[in-house]
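See below for the structure under consideration.
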Amino acid sequence: MKEGANDLLVVCFGEMLIDFVPTVCGVSLAEVPSFKKAPGGAPANVAVGISRLGGSSAFIGKLGDDDFGHMLSDILKQNKVDNSGVRFDSTARTALAFITLRDDGEREFLFFRHPSADMLLQESELDINLLEQARIFHYGSISLISEPCRSSHIAAMRIAKKSGSILSYDPNLRLALWPSAEAAREGIMSIWDQADVIKISEEEITFLTGCDDHTDDKVVLDKLFHPNLKLLIVTEGAEGCRYYTKVEVVYVRGRLQKEFKGRVLGVKVKAVDTTGAGDAFVGGILSNLASNLNLFEDEKLLREALMFANACGAVTVTERGAIPALPTKEAVLKLLGKVSPG
């Protein structure tokens, strides 16, 4: 277990970019009259989400040495996220994503990464000291798509694991960024068996397993639960989430295998924009896990943490953009009815 002043630190690795969010829903990209500029990128969203909830977080990644890149780095700092692991590239721009919103708040993306700075992070640029401090090291799969970032990602995982970090993985499938569906499946699964915690969506279950029934526990456990995994979470959007866990508890007189699974219902709200909802959920569960590693072993505590994470996602979808919409702990507790008005 990590010791010291920053022993609850969650380090997030990967991409940070500018999301251009449309001011109106239900029209194509070409028909959108204007866009609102918003910081985004799943790992960065998670880092800000944790900090906004009162936790300790840091971000490692690469931005363009341009106005957008420096703006994003400043946004991390303003949100009390340690940005000492951020690097800047003078040869590539900060990534951009244009988003279209359907009437129900669901999204479609058009990315500008040809290549973008986040893809060019070198292993020699990793902040090893920061990685060694991490109680939890969180990452996605977009940083696995191309070199040199892929090798840097794998090296960062190795350093964090060696220093005792819990590895947290949210594949965050963005098929349009991969060369092919097969490359995406292979790339995402290439590091699957190293994670301690994995969060996936129902769509990702279908994509990764090839099975149509993403509600089938047998499919999830047989195809996606690996021997080293402590917690697998399946998010179901507004409906909530499912959880599967299997941990070995060591007692004085021996060892005991504890496992449980179940569902935690979502919190109903009027969705405006689902961008960042999954990242808010991850921030919610990781902020709880960082302060209590026994969540793996106590189903009651785990269910409470997942209810909190569901509420984090619910608050986020009520506003446009990812980082601007991420909630404070007070906003989450208010939604859950645990804080009296005023």
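Chain labels follow the order of the structure tokens: the first chain is A, the next B, and so on; residue numbering restarts at 1 in every chain, and ligands are counted from 1 in their shown order.
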
(Q) Let's see if you can do this: from backbone DSSP, list all strand (DSSP E) residues in stretch 50-167 of chain A, as number ranges by chain. (A) A: 57-64, 82-89, 96-101, 107-112, 136-139, 166-167

Q | Selection near stretch 72-77 of chain A, 12 Å with only C-alpha atoms, sequence-local residues under 4 positions removed, as a count of residues only | A | 46

(Q) Show me, as a PyMOL selection string, the residues that have an atom within 9 Å of stretch 236-239 of chain A when counting only C-alpha atoms, minus same-chain residues fewer than 6 positions from it. (A) chain A and resi 201-202+264-269+271+274+277-278+310+313-314

Kindly export the residues of the current selection with N, CA, C and O atoms, as a CSV table (one decimal), in the first residue's frame.
chain,number,residue,atom,x,y,z
A,201,SER,N,-19.0,-0.9,-21.4
A,201,SER,CA,-20.4,-0.6,-21.7
A,201,SER,C,-21.0,-1.9,-22.4
A,201,SER,O,-20.3,-2.8,-22.7
A,202,GLU,N,-22.3,-1.9,-22.5
A,202,GLU,CA,-23.0,-3.0,-23.1
A,202,GLU,C,-22.6,-3.2,-24.5
A,202,GLU,O,-22.4,-4.3,-25.0
A,264,VAL,N,-27.0,-2.3,-9.9
A,264,VAL,CA,-27.3,-1.1,-9.1
A,264,VAL,C,-28.1,-0.2,-10.1
A,264,VAL,O,-27.5,0.1,-11.2
A,265,LEU,N,-29.3,0.2,-9.7
A,265,LEU,CA,-30.1,1.0,-10.6
A,265,LEU,C,-29.6,2.4,-10.8
A,265,LEU,O,-28.9,3.0,-9.9
A,266,GLY,N,-29.8,3.0,-12.0
A,266,GLY,CA,-29.4,4.3,-12.2
A,266,GLY,C,-30.3,5.4,-11.6
A,266,GLY,O,-31.3,5.1,-11.0
A,267,VAL,N,-29.9,6.6,-11.7
A,267,VAL,CA,-30.6,7.8,-11.2
A,267,VAL,C,-31.2,8.5,-12.4
A,267,VAL,O,-30.5,8.9,-13.3
A,268,LYS,N,-32.5,8.6,-12.4
A,268,LYS,CA,-33.2,9.2,-13.5
A,268,LYS,C,-33.1,10.7,-13.6
A,268,LYS,O,-33.4,11.4,-12.6
A,269,VAL,N,-32.7,11.2,-14.7
A,269,VAL,CA,-32.6,12.7,-15.0
A,269,VAL,C,-32.9,12.9,-16.4
A,269,VAL,O,-33.0,12.0,-17.2
A,271,ALA,N,-31.7,13.9,-19.8
A,271,ALA,CA,-30.3,13.9,-20.5
A,271,ALA,C,-30.3,15.0,-21.5
A,271,ALA,O,-31.2,15.1,-22.4
A,274,THR,N,-24.8,13.3,-23.3
A,274,THR,CA,-24.2,12.2,-22.5
A,274,THR,C,-22.6,12.2,-22.6
A,274,THR,O,-22.0,11.3,-22.0
A,277,ALA,N,-20.3,11.2,-19.4
A,277,ALA,CA,-21.1,10.5,-18.4
A,277,ALA,C,-20.3,9.2,-17.9
A,277,ALA,O,-20.2,9.0,-16.7
A,278,GLY,N,-19.8,8.4,-18.8
A,278,GLY,CA,-19.0,7.3,-18.4
A,278,GLY,C,-17.7,7.6,-17.6
A,278,GLY,O,-17.4,6.9,-16.7
A,310,ASN,N,-23.1,6.1,-10.3
A,310,ASN,CA,-24.2,6.3,-11.1
A,310,ASN,C,-24.7,7.7,-11.1
A,310,ASN,O,-25.1,8.3,-12.1
A,313,GLY,N,-22.5,10.1,-13.0
A,313,GLY,CA,-22.9,10.1,-14.4
A,313,GLY,C,-24.2,10.9,-14.7
A,313,GLY,O,-24.3,11.6,-15.7
A,314,ALA,N,-25.2,10.7,-13.8
A,314,ALA,CA,-26.5,11.4,-14.0
A,314,ALA,C,-26.4,12.9,-14.0
A,314,ALA,O,-27.0,13.6,-14.8

Got a sec: who's within 10 Å of stretch 21-25 of chain A, counting only C-alpha atoms, leaving out chain neighbours fewer than 5 positions off, as a PDB file with all heavy atoms, in the first residue's frame?
ATOM      1  N   GLU A  31     -24.948  20.649 -40.595  1.00  0.00           N
ATOM      2  CA  GLU A  31     -26.084  21.540 -40.356  1.00  0.00           C
ATOM      3  C   GLU A  31     -26.013  22.284 -39.020  1.00  0.00           C
ATOM      4  O   GLU A  31     -26.829  23.173 -38.755  1.00  0.00           O
ATOM      5  CB  GLU A  31     -27.389  20.738 -40.405  1.00  0.00           C
ATOM      6  CG  GLU A  31     -27.688  20.137 -41.767  1.00  0.00           C
ATOM      7  CD  GLU A  31     -28.841  19.148 -41.722  1.00  0.00           C
ATOM      8  OE1 GLU A  31     -28.869  18.299 -40.798  1.00  0.00           O
ATOM      9  OE2 GLU A  31     -29.707  19.227 -42.603  1.00  0.00           O
ATOM     10  N   VAL A  32     -25.038  21.917 -38.172  1.00  0.00           N
ATOM     11  CA  VAL A  32     -24.919  22.579 -36.863  1.00  0.00           C
ATOM     12  C   VAL A  32     -24.555  24.049 -37.073  1.00  0.00           C
ATOM     13  O   VAL A  32     -23.569  24.356 -37.741  1.00  0.00           O
ATOM     14  CB  VAL A  32     -23.836  21.887 -35.998  1.00  0.00           C
ATOM     15  CG1 VAL A  32     -23.596  22.685 -34.720  1.00  0.00           C
ATOM     16  CG2 VAL A  32     -24.249  20.468 -35.664  1.00  0.00           C
ATOM     17  N   PRO A  33     -25.340  24.987 -36.515  1.00  0.00           N
ATOM     18  CA  PRO A  33     -25.055  26.411 -36.733  1.00  0.00           C
ATOM     19  C   PRO A  33     -23.816  26.907 -35.995  1.00  0.00           C
ATOM     20  O   PRO A  33     -23.110  27.791 -36.472  1.00  0.00           O
ATOM     21  CB  PRO A  33     -26.314  27.109 -36.214  1.00  0.00           C
ATOM     22  CG  PRO A  33     -26.917  26.158 -35.235  1.00  0.00           C
ATOM     23  CD  PRO A  33     -26.586  24.793 -35.740  1.00  0.00           C
ATOM     24  N   SER A  34     -23.527  26.337 -34.812  1.00  0.00           N
ATOM     25  CA  SER A  34     -22.347  26.751 -34.048  1.00  0.00           C
ATOM     26  C   SER A  34     -21.995  25.684 -33.016  1.00  0.00           C
ATOM     27  O   SER A  34     -22.817  24.817 -32.698  1.00  0.00           O
ATOM     28  CB  SER A  34     -22.600  28.091 -33.348  1.00  0.00           C
ATOM     29  OG  SER A  34     -23.682  27.984 -32.447  1.00  0.00           O
ATOM     30  N   PHE A  35     -20.766  25.776 -32.524  1.00  0.00           N
ATOM     31  CA  PHE A  35     -20.269  24.808 -31.546  1.00  0.00           C
ATOM     32  C   PHE A  35     -19.758  25.533 -30.312  1.00  0.00           C
ATOM     33  O   PHE A  35     -19.278  26.663 -30.385  1.00  0.00           O
ATOM     34  CB  PHE A  35     -19.109  23.994 -32.131  1.00  0.00           C
ATOM     35  CG  PHE A  35     -19.482  23.115 -33.277  1.00  0.00           C
ATOM     36  CD1 PHE A  35     -19.459  23.594 -34.577  1.00  0.00           C
ATOM     37  CD2 PHE A  35     -19.842  21.792 -33.062  1.00  0.00           C
ATOM     38  CE1 PHE A  35     -19.801  22.776 -35.645  1.00  0.00           C
ATOM     39  CE2 PHE A  35     -20.181  20.967 -34.113  1.00  0.00           C
ATOM     40  CZ  PHE A  35     -20.166  21.458 -35.408  1.00  0.00           C
ATOM     41  N   LYS A  36     -19.836  24.836 -29.182  1.00  0.00           N
ATOM     42  CA  LYS A  36     -19.257  25.325 -27.936  1.00  0.00           C
ATOM     43  C   LYS A  36     -17.972  24.546 -27.684  1.00  0.00           C
ATOM     44  O   LYS A  36     -17.978  23.313 -27.712  1.00  0.00           O
ATOM     45  CB  LYS A  36     -20.253  25.099 -26.789  1.00  0.00           C
ATOM     46  CG  LYS A  36     -19.743  25.489 -25.408  1.00  0.00           C
ATOM     47  CD  LYS A  36     -20.766  25.108 -24.344  1.00  0.00           C
ATOM     48  CE  LYS A  36     -20.213  25.282 -22.938  1.00  0.00           C
ATOM     49  NZ  LYS A  36     -21.149  24.780 -21.912  1.00  0.00           N
ATOM     50  N   LYS A  37     -16.879  25.247 -27.480  1.00  0.00           N
ATOM     51  CA  LYS A  37     -15.580  24.619 -27.230  1.00  0.00           C
ATOM     52  C   LYS A  37     -15.548  24.076 -25.807  1.00  0.00           C
ATOM     53  O   LYS A  37     -15.863  24.788 -24.855  1.00  0.00           O
ATOM     54  CB  LYS A  37     -14.504  25.678 -27.451  1.00  0.00           C
ATOM     55  CG  LYS A  37     -13.103  25.289 -27.151  1.00  0.00           C
ATOM     56  CD  LYS A  37     -12.142  26.397 -27.545  1.00  0.00           C
ATOM     57  CE  LYS A  37     -11.863  27.372 -26.431  1.00  0.00           C
ATOM     58  NZ  LYS A  37     -12.547  28.610 -26.441  1.00  0.00           N
ATOM     59  N   ALA A  38     -15.173  22.797 -25.640  1.00  0.00           N
ATOM     60  CA  ALA A  38     -15.134  22.193 -24.307  1.00  0.00           C
ATOM     61  C   ALA A  38     -13.933  21.259 -24.189  1.00  0.00           C
ATOM     62  O   ALA A  38     -13.657  20.489 -25.113  1.00  0.00           O
ATOM     63  CB  ALA A  38     -16.426  21.423 -24.029  1.00  0.00           C
ATOM     64  N   PRO A  39     -13.199  21.304 -23.080  1.00  0.00           N
ATOM     65  CA  PRO A  39     -12.092  20.358 -22.887  1.00  0.00           C
ATOM     66  C   PRO A  39     -12.637  18.945 -22.713  1.00  0.00           C
ATOM     67  O   PRO A  39     -13.699  18.755 -22.132  1.00  0.00           O
ATOM     68  CB  PRO A  39     -11.423  20.861 -21.607  1.00  0.00           C
ATOM     69  CG  PRO A  39     -12.498  21.610 -20.879  1.00  0.00           C
ATOM     70  CD  PRO A  39     -13.386  22.193 -21.927  1.00  0.00           C
ATOM     71  N   ALA A  97     -12.138  17.120 -31.586  1.00  0.00           N
ATOM     72  CA  ALA A  97     -13.257  16.225 -31.901  1.00  0.00           C
ATOM     73  C   ALA A  97     -14.518  17.063 -32.066  1.00  0.00           C
ATOM     74  O   ALA A  97     -14.880  17.843 -31.183  1.00  0.00           O
ATOM     75  CB  ALA A  97     -13.461  15.198 -30.799  1.00  0.00           C
ATOM     76  N   PHE A  98     -15.168  16.928 -33.221  1.00  0.00           N
ATOM     77  CA  PHE A  98     -16.462  17.576 -33.444  1.00  0.00           C
ATOM     78  C   PHE A  98     -17.556  16.548 -33.160  1.00  0.00           C
ATOM     79  O   PHE A  98     -17.494  15.419 -33.640  1.00  0.00           O
ATOM     80  CB  PHE A  98     -16.561  18.100 -34.872  1.00  0.00           C
ATOM     81  CG  PHE A  98     -15.710  19.317 -35.109  1.00  0.00           C
ATOM     82  CD1 PHE A  98     -14.360  19.197 -35.420  1.00  0.00           C
ATOM     83  CD2 PHE A  98     -16.253  20.590 -34.994  1.00  0.00           C
ATOM     84  CE1 PHE A  98     -13.572  20.311 -35.624  1.00  0.00           C
ATOM     85  CE2 PHE A  98     -15.474  21.713 -35.196  1.00  0.00           C
ATOM     86  CZ  PHE A  98     -14.119  21.582 -35.515  1.00  0.00           C
ATOM     87  N   ILE A  99     -18.529  16.969 -32.380  1.00  0.00           N
ATOM     88  CA  ILE A  99     -19.555  16.038 -31.891  1.00  0.00           C
ATOM     89  C   ILE A  99     -20.926  16.449 -32.401  1.00  0.00           C
ATOM     90  O   ILE A  99     -21.261  17.641 -32.418  1.00  0.00           O
ATOM     91  CB  ILE A  99     -19.559  16.022 -30.343  1.00  0.00           C
ATOM     92  CG1 ILE A  99     -18.180  15.608 -29.822  1.00  0.00           C
ATOM     93  CG2 ILE A  99     -20.634  15.087 -29.801  1.00  0.00           C
ATOM     94  CD1 ILE A  99     -18.003  15.760 -28.323  1.00  0.00           C
ATOM     95  N   THR A 100     -21.708  15.479 -32.840  1.00  0.00           N
ATOM     96  CA  THR A 100     -23.117  15.728 -33.132  1.00  0.00           C
ATOM     97  C   THR A 100     -23.949  15.037 -32.059  1.00  0.00           C
ATOM     98  O   THR A 100     -23.628  13.936 -31.616  1.00  0.00           O
ATOM     99  CB  THR A 100     -23.529  15.187 -34.518  1.00  0.00           C
ATOM    100  OG1 THR A 100     -23.139  13.818 -34.618  1.00  0.00           O
ATOM    101  CG2 THR A 100     -22.877  15.961 -35.623  1.00  0.00           C
ATOM    102  N   LEU A 101     -25.001  15.713 -31.628  1.00  0.00           N
ATOM    103  CA  LEU A 101     -25.873  15.184 -30.583  1.00  0.00           C
ATOM    104  C   LEU A 101     -27.228  14.812 -31.161  1.00  0.00           C
ATOM    105  O   LEU A 101     -27.871  15.627 -31.828  1.00  0.00           O
ATOM    106  CB  LEU A 101     -26.091  16.229 -29.483  1.00  0.00           C
ATOM    107  CG  LEU A 101     -24.879  16.628 -28.636  1.00  0.00           C
ATOM    108  CD1 LEU A 101     -25.290  17.720 -27.662  1.00  0.00           C
ATOM    109  CD2 LEU A 101     -24.343  15.431 -27.893  1.00  0.00           C
ATOM    110  N   ARG A 102     -27.648  13.568 -30.906  1.00  0.00           N
ATOM    111  CA  ARG A 102     -29.014  13.178 -31.267  1.00  0.00           C
ATOM    112  C   ARG A 102     -29.985  13.808 -30.279  1.00  0.00           C
ATOM    113  O   ARG A 102     -29.590  14.354 -29.253  1.00  0.00           O
ATOM    114  CB  ARG A 102     -29.136  11.654 -31.247  1.00  0.00           C
ATOM    115  CG  ARG A 102     -28.198  10.936 -32.215  1.00  0.00           C
ATOM    116  CD  ARG A 102     -28.681   9.522 -32.518  1.00  0.00           C
ATOM    117  NE  ARG A 102     -29.044   8.775 -31.330  1.00  0.00           N
ATOM    118  CZ  ARG A 102     -28.443   7.656 -30.927  1.00  0.00           C
ATOM    119  NH1 ARG A 102     -27.420   7.174 -31.597  1.00  0.00           N
ATOM    120  NH2 ARG A 102     -28.862   7.008 -29.859  1.00  0.00           N
ATOM    121  N   ASP A 103     -31.255  13.724 -30.575  1.00  0.00           N
ATOM    122  CA  ASP A 103     -32.263  14.328 -29.697  1.00  0.00           C
ATOM    123  C   ASP A 103     -32.243  13.733 -28.286  1.00  0.00           C
ATOM    124  O   ASP A 103     -32.641  14.385 -27.324  1.00  0.00           O
ATOM    125  CB  ASP A 103     -33.673  14.166 -30.301  1.00  0.00           C
ATOM    126  CG  ASP A 103     -33.876  15.084 -31.498  1.00  0.00           C
ATOM    127  OD1 ASP A 103     -33.279  16.178 -31.500  1.00  0.00           O
ATOM    128  OD2 ASP A 103     -34.612  14.717 -32.429  1.00  0.00           O
ATOM    129  N   ASP A 104     -31.779  12.472 -28.170  1.00  0.00           N
ATOM    130  CA  ASP A 104     -31.737  11.840 -26.844  1.00  0.00           C
ATOM    131  C   ASP A 104     -30.410  12.078 -26.125  1.00  0.00           C
ATOM    132  O   ASP A 104     -30.153  11.513 -25.064  1.00  0.00           O
ATOM    133  CB  ASP A 104     -31.993  10.333 -26.962  1.00  0.00           C
ATOM    134  CG  ASP A 104     -30.935   9.608 -27.805  1.00  0.00           C
ATOM    135  OD1 ASP A 104     -30.009  10.277 -28.323  1.00  0.00           O
ATOM    136  OD2 ASP A 104     -31.037   8.378 -27.944  1.00  0.00           O
ATOM    137  N   GLY A 105     -29.553  12.934 -26.712  1.00  0.00           N
ATOM    138  CA  GLY A 105     -28.282  13.261 -26.066  1.00  0.00           C
ATOM    139  C   GLY A 105     -27.129  12.352 -26.432  1.00  0.00           C
ATOM    140  O   GLY A 105     -25.994  12.598 -26.048  1.00  0.00           O
ATOM    141  N   GLU A 106     -27.402  11.251 -27.165  1.00  0.00           N
ATOM    142  CA  GLU A 106     -26.316  10.363 -27.599  1.00  0.00           C
ATOM    143  C   GLU A 106     -25.496  11.044 -28.694  1.00  0.00           C
ATOM    144  O   GLU A 106     -25.958  11.955 -29.370  1.00  0.00           O
ATOM    145  CB  GLU A 106     -26.883   9.026 -28.094  1.00  0.00           C
ATOM    146  CG  GLU A 106     -27.375   8.131 -26.967  1.00  0.00           C
ATOM    147  CD  GLU A 106     -26.277   7.711 -25.998  1.00  0.00           C
ATOM    148  OE1 GLU A 106     -25.111   7.584 -26.422  1.00  0.00           O
ATOM    149  OE2 GLU A 106     -26.577   7.534 -24.805  1.00  0.00           O
ATOM    150  N   ARG A 107     -24.234  10.548 -28.897  1.00  0.00           N
ATOM    151  CA  ARG A 107     -23.289  11.300 -29.714  1.00  0.00           C
ATOM    152  C   ARG A 107     -22.734  10.532 -30.906  1.00  0.00           C
ATOM    153  O   ARG A 107     -22.711   9.312 -30.930  1.00  0.00           O
ATOM    154  CB  ARG A 107     -22.094  11.707 -28.854  1.00  0.00           C
ATOM    155  CG  ARG A 107     -22.425  12.399 -27.582  1.00  0.00           C
ATOM    156  CD  ARG A 107     -21.438  12.030 -26.484  1.00  0.00           C
ATOM    157  NE  ARG A 107     -21.487  10.620 -26.142  1.00  0.00           N
ATOM    158  CZ  ARG A 107     -20.507   9.938 -25.587  1.00  0.00           C
ATOM    159  NH1 ARG A 107     -19.369  10.522 -25.316  1.00  0.00           N
ATOM    160  NH2 ARG A 107     -20.641   8.662 -25.320  1.00  0.00           N
ATOM    161  N   PHE A 109     -19.024  11.169 -33.450  1.00  0.00           N
ATOM    162  CA  PHE A 109     -17.773  11.939 -33.393  1.00  0.00           C
ATOM    163  C   PHE A 109     -17.112  12.068 -34.763  1.00  0.00           C
ATOM    164  O   PHE A 109     -17.165  11.153 -35.585  1.00  0.00           O
ATOM    165  CB  PHE A 109     -16.756  11.242 -32.474  1.00  0.00           C
ATOM    166  CG  PHE A 109     -17.172  11.158 -31.033  1.00  0.00           C
ATOM    167  CD1 PHE A 109     -17.936  10.097 -30.572  1.00  0.00           C
ATOM    168  CD2 PHE A 109     -16.789  12.133 -30.135  1.00  0.00           C
ATOM    169  CE1 PHE A 109     -18.318  10.009 -29.245  1.00  0.00           C
ATOM    170  CE2 PHE A 109     -17.151  12.063 -28.803  1.00  0.00           C
ATOM    171  CZ  PHE A 109     -17.920  10.997 -28.350  1.00  0.00           C
ATOM    172  N   VAL A 272     -29.270  15.854 -21.457  1.00  0.00           N
ATOM    173  CA  VAL A 272     -29.034  16.888 -22.460  1.00  0.00           C
ATOM    174  C   VAL A 272     -27.875  16.478 -23.365  1.00  0.00           C
ATOM    175  O   VAL A 272     -27.932  16.618 -24.576  1.00  0.00           O
ATOM    176  CB  VAL A 272     -28.721  18.242 -21.774  1.00  0.00           C
ATOM    177  CG1 VAL A 272     -28.308  19.292 -22.795  1.00  0.00           C
ATOM    178  CG2 VAL A 272     -29.927  18.719 -20.978  1.00  0.00           C
ATOM    179  N   ASP A 273     -26.813  15.948 -22.747  1.00  0.00           N
ATOM    180  CA  ASP A 273     -25.602  15.562 -23.480  1.00  0.00           C
ATOM    181  C   ASP A 273     -24.900  14.469 -22.679  1.00  0.00           C
ATOM    182  O   ASP A 273     -24.503  14.696 -21.538  1.00  0.00           O
ATOM    183  CB  ASP A 273     -24.701  16.789 -23.645  1.00  0.00           C
ATOM    184  CG  ASP A 273     -23.369  16.474 -24.332  1.00  0.00           C
ATOM    185  OD1 ASP A 273     -23.201  15.342 -24.823  1.00  0.00           O
ATOM    186  OD2 ASP A 273     -22.508  17.360 -24.369  1.00  0.00           O
ATOM    187  N   THR A 275     -22.019  13.183 -23.227  1.00  0.00           N
ATOM    188  CA  THR A 275     -20.555  13.283 -23.262  1.00  0.00           C
ATOM    189  C   THR A 275     -20.003  13.350 -21.839  1.00  0.00           C
ATOM    190  O   THR A 275     -20.420  14.180 -21.042  1.00  0.00           O
ATOM    191  CB  THR A 275     -20.114  14.549 -24.030  1.00  0.00           C
ATOM    192  OG1 THR A 275     -20.720  14.554 -25.311  1.00  0.00           O
ATOM    193  CG2 THR A 275     -18.605  14.584 -24.189  1.00  0.00           C
ATOM    194  N   ARG A 320     -24.093  20.380 -21.069  1.00  0.00           N
ATOM    195  CA  ARG A 320     -23.309  20.095 -22.276  1.00  0.00           C
ATOM    196  C   ARG A 320     -21.820  20.055 -21.963  1.00  0.00           C
ATOM    197  O   ARG A 320     -21.333  20.784 -21.104  1.00  0.00           O
ATOM    198  CB  ARG A 320     -23.567  21.158 -23.348  1.00  0.00           C
ATOM    199  CG  ARG A 320     -24.971  21.134 -23.916  1.00  0.00           C
ATOM    200  CD  ARG A 320     -25.097  22.080 -25.098  1.00  0.00           C
ATOM    201  NE  ARG A 320     -26.492  22.356 -25.395  1.00  0.00           N
ATOM    202  CZ  ARG A 320     -27.271  21.588 -26.133  1.00  0.00           C
ATOM    203  NH1 ARG A 320     -26.787  20.478 -26.663  1.00  0.00           N
ATOM    204  NH2 ARG A 320     -28.527  21.913 -26.358  1.00  0.00           N
ATOM    205  N   GLY A 321     -21.111  19.205 -22.723  1.00  0.00           N
ATOM    206  CA  GLY A 321     -19.665  19.100 -22.558  1.00  0.00           C
ATOM    207  C   GLY A 321     -19.308  18.113 -21.460  1.00  0.00           C
ATOM    208  O   GLY A 321     -20.151  17.740 -20.644  1.00  0.00           O
ATOM    209  N   ALA A 322     -18.045  17.685 -21.442  1.00  0.00           N
ATOM    210  CA  ALA A 322     -17.602  16.697 -20.461  1.00  0.00           C
ATOM    211  C   ALA A 322     -17.088  17.379 -19.195  1.00  0.00           C
ATOM    212  O   ALA A 322     -17.778  17.411 -18.177  1.00  0.00           O
ATOM    213  CB  ALA A 322     -16.527  15.813 -21.074  1.00  0.00           C
TER     214      ALA A 322
END

Excluding A:Leu306 and any residue of its chain fewer than 4 positions from it, enumerate the residues within 12 Å of it, using only C-alpha atoms, and give them as a CSV table (one decimal) with C-alpha atoms, in the first residue's frame.
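Result file is result35.csv:
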chain,number,residue,atom,x,y,z
A,199,LYS,CA,-15.3,-0.8,-16.8
A,231,LEU,CA,-13.8,-6.0,-10.3
A,232,LEU,CA,-15.6,-5.9,-13.7
A,233,ILE,CA,-18.3,-3.2,-14.1
A,234,VAL,CA,-20.8,-3.1,-17.0
A,235,THR,CA,-22.4,0.3,-17.4
A,240,GLY,CA,-27.4,1.9,-14.0
A,241,CYS,CA,-24.7,-0.8,-13.9
A,242,ARG,CA,-23.8,-4.4,-13.2
A,243,TYR,CA,-20.8,-5.6,-11.2
A,244,TYR,CA,-18.8,-8.8,-11.0
A,262,GLY,CA,-25.4,-7.8,-9.0
A,263,ARG,CA,-27.0,-4.7,-10.5
A,264,VAL,CA,-27.3,-1.1,-9.1
A,265,LEU,CA,-30.1,1.0,-10.6
A,266,GLY,CA,-29.4,4.3,-12.2
A,267,VAL,CA,-30.6,7.8,-11.2
A,280,ALA,CA,-17.8,10.8,-14.5
A,281,PHE,CA,-18.9,7.3,-13.4
A,282,VAL,CA,-15.3,6.1,-13.5
A,283,GLY,CA,-14.2,9.1,-11.5
A,284,GLY,CA,-16.9,8.3,-8.9
A,285,ILE,CA,-16.0,4.7,-8.4
A,286,LEU,CA,-12.2,5.3,-8.5
A,287,SER,CA,-12.4,8.2,-5.9
A,288,ASN,CA,-14.2,5.7,-3.6
A,289,LEU,CA,-11.8,2.9,-4.3
A,295,LEU,CA,-14.6,-2.2,-1.7
A,296,PHE,CA,-13.5,-5.4,-3.5
A,299,GLU,CA,-20.6,-5.9,-1.3
A,300,LYS,CA,-22.6,-3.4,0.7
A,301,LEU,CA,-19.8,-0.8,0.4
A,302,LEU,CA,-19.3,-1.6,-3.3
A,310,ASN,CA,-24.2,6.3,-11.1
A,311,ALA,CA,-25.2,9.6,-9.7
A,312,CYS,CA,-22.0,11.2,-10.9
A,313,GLY,CA,-22.9,10.1,-14.4

(Q) When DSSP is applied to the backbone of this structure, which of stretch 80-231 of chain A are assigned helix (DSSP H, G or I)? Write them out as a PyMOL selection string. (A) chain A and resi 117-120+123-125+128-133+142-144+149-162+175-177+181-189+192-194+202-209+217-224

Q. Could you pull the residues within 8 Å of A:Arg135, counting only C-alpha atoms, minus those fewer than 3 positions along the same chain, as a VMD selection string?
A. chain A and resid 1 to 2 7 to 11 164 to 166 290

**Q.** Nearest to A:Lys329 by atom-to-atom distance, counting only C-alpha atoms, from A:Ala30, A:Gly55, A:Asp193, A:Glu123
**A.**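 Selected residue with least distance to A:Lys329: A:Gly55.
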
Q | Exercise: A:Ala176 partners within 9 Å, only C-alpha atoms, chain neighbours under 3 positions left out, as a list of chain:residue names | A |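 With the cut-off at 9 Å, the set is A:Phe109, A:Leu110, A:Phe111, A:Leu173, A:Pro179, A:Ser180, A:Ala181.
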
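Computed from the coordinates, the atom CA of A:Leu224 to atom CA of A:Ile200 distance equals 10.0 Å.
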
Q: Figure out the distance between atom CA of A:Pro171 and atom CA of A:Lys218, please, to one decimal in Å.
A: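 Rounded to one decimal, the two atoms are 20.6 Å apart.
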
Q: Have a look at A:Ile136, A:Met119, A:Ala42, A:Leu130 and name the one nearest to A:His153; count only C-alpha atoms.
A: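 Of A:Ile136, A:Met119, A:Ala42, A:Leu130, the one nearest A:His153, counting only C-alpha atoms, is A:Met119.
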